[in-house]
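The block underneath contains the structure these notes are about, expressed in C-alpha cells.
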Amino acid sequence: MSLAHITTTDLNGWQYRAIGVLEDLVKAGIKAERYPLEWTITSSGTLRGTVDPYEPGQTDNDRRAIFDEWCRVLNAGEVRQSKRFSGGITLRAVFAQPTNCGDVRGSIVLDIDPALDDEDA
C-alpha cells in the first residue's frame, strides 16, 4: 500500500481553507465581543488557538473562562489535561469546522503555570 504524495498545492490549499475558517471565527468573535485567541495555522491547514498567557490583569480563572467559551463555541471535544515540564498544566480540546471541501481541524490550548510562592513573587 502506498501513500498518496502530498504536493505543495495540497498544503497551500489546506492553509487557504483554514484562513477562511479563521476569518469566519474572528468575525463571529468580534460580533459576540468574545475575547480573541492567539491563532496559528500549520502548513497542513490545522488551526491552533491559544489563550494569551501574558494578558495583564487576567487571572487563571479569567483565562479558563475564555478557554471554556471557545470550547463551547467550537463544539470542541473532551478537554484533556497534561502536566507541563514547568510544573503547570496544559488544557487542550480539539475541534473540527466543516467547509465545502472537508473539515478544518484544530485545537484550543490553555497553559496554566504553577502559583508563585510569596518568596518567588
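Residue numbers start at 1 in each chain; chains themselves are named A, B, ... in the order of the C-alpha cells; ligands are numbered from 1 in the order shown.
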
- Message: Quick one: residues within 7 Å of Gly106 in chain A, only C-alpha atoms, excluding same-chain residues fewer than 5 positions away - as a list in words?
- Response: Thr46, Leu47, Arg48, Val94, Phe95 and Ala96 of chain A

- For range 55-60 of chain A, please output as a PyMOL selection string all residues within 10 Å (counting only C-alpha atoms; exclusion window: fewer than 5 positions along the same chain). chain A and resi 65-66+110-113+115

Hey, can you spit out that residue selection with N, CA, C and O atoms as a compact mmCIF listing (two decimals), in the first residue's frame?
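Result file is result_6.txt:
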# COMPACT_ATOMS: atom_id res chain seq x y z
N ALA A 65 -12.10 30.75 31.75
CA ALA A 65 -13.42 31.11 31.22
C ALA A 65 -13.34 31.37 29.71
O ALA A 65 -14.25 30.98 28.96
N ILE A 66 -12.27 32.03 29.27
CA ILE A 66 -12.07 32.27 27.83
C ILE A 66 -11.93 30.93 27.10
O ILE A 66 -12.56 30.71 26.07
N LEU A 110 -4.79 26.01 26.56
CA LEU A 110 -4.60 26.90 27.70
C LEU A 110 -3.48 26.34 28.56
O LEU A 110 -3.57 25.20 29.03
N ASP A 111 -2.42 27.12 28.73
CA ASP A 111 -1.32 26.75 29.63
C ASP A 111 -1.50 27.50 30.94
O ASP A 111 -1.68 28.72 30.94
N ILE A 112 -1.43 26.77 32.03
CA ILE A 112 -1.54 27.38 33.37
C ILE A 112 -0.28 27.07 34.13
O ILE A 112 0.07 25.92 34.33
N ASP A 113 0.42 28.13 34.52
CA ASP A 113 1.66 27.97 35.30
C ASP A 113 1.34 27.73 36.75
O ASP A 113 0.28 28.13 37.25
N ALA A 115 1.25 28.31 40.71
CA ALA A 115 1.16 29.54 41.51
C ALA A 115 2.53 29.87 42.08
O ALA A 115 3.27 28.97 42.52

- Item | Pick from A:Pro36, A:Val109, A:Asp10, A:Pro53 nearest to Leu22 in chain A, counting only C-alpha atoms | A:Pro36

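For Ala18 in chain A, the residues within 9 Å (counting only C-alpha atoms, excluding itself and residues fewer than 3 positions away along the chain) are A:Gly13, A:Trp14, A:Gln15, A:Val21, A:Leu22, A:Glu23, A:Ile41, A:Gly45, A:Thr46, A:Leu47, A:Val104, A:Arg105.
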
Output C-alpha atoms of each residue in that selection to a file, as a CSV table (one decimal), in the first residue's frame.
chain,number,residue,atom,x,y,z
A,13,GLY,CA,-4.9,24.7,-0.4
A,14,TRP,CA,-5.3,23.4,3.1
A,15,GLN,CA,-3.8,26.6,4.6
A,21,VAL,CA,-12.4,29.3,8.6
A,22,LEU,CA,-10.3,31.6,10.8
A,23,GLU,CA,-11.7,34.7,9.2
A,41,ILE,CA,-2.1,27.9,11.1
A,45,GLY,CA,-4.0,23.7,7.5
A,46,THR,CA,-4.6,22.9,11.1
A,47,LEU,CA,-5.7,25.7,13.4
A,104,VAL,CA,-10.7,22.1,9.1
A,105,ARG,CA,-9.4,20.6,12.3

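Considering the residues A:Asn100, A:Thr42, A:Leu74, A:Ala93 and counting only C-alpha atoms, Leu25 in chain A has its shortest atom-to-atom contact with A:Leu74.
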
- Query: DSSP on the backbone: what in range 3-94 of chain A comes out strand (DSSP E or B), as an NGL selection string?
  - Reply: :A and (38-41 or 47-50 or 80-83 or 89-94)

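The interatomic distance for the pair CA of Ser86 in chain A and CA of Thr50 in chain A works out to 17.7 Å.
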
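With CA of Cys71 in chain A on one side and CA of Gly102 in chain A on the other, the separation reads 20.4 Å.
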
- Which parts of range 18-78 of chain A does DSSP call alpha helix (DSSP H) when run on the backbone here, written out as number ranges by chain? A: 18-31, 60-73

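Interatomic distance, CA of Ile6 in chain A against CA of Ile19 in chain A: 19.4 Å.
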
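Considering only C-alpha atoms, the residue among A:Thr7, A:Arg17, A:Pro114, A:Trp39 positioned nearest to Phe85 in chain A is A:Pro114.
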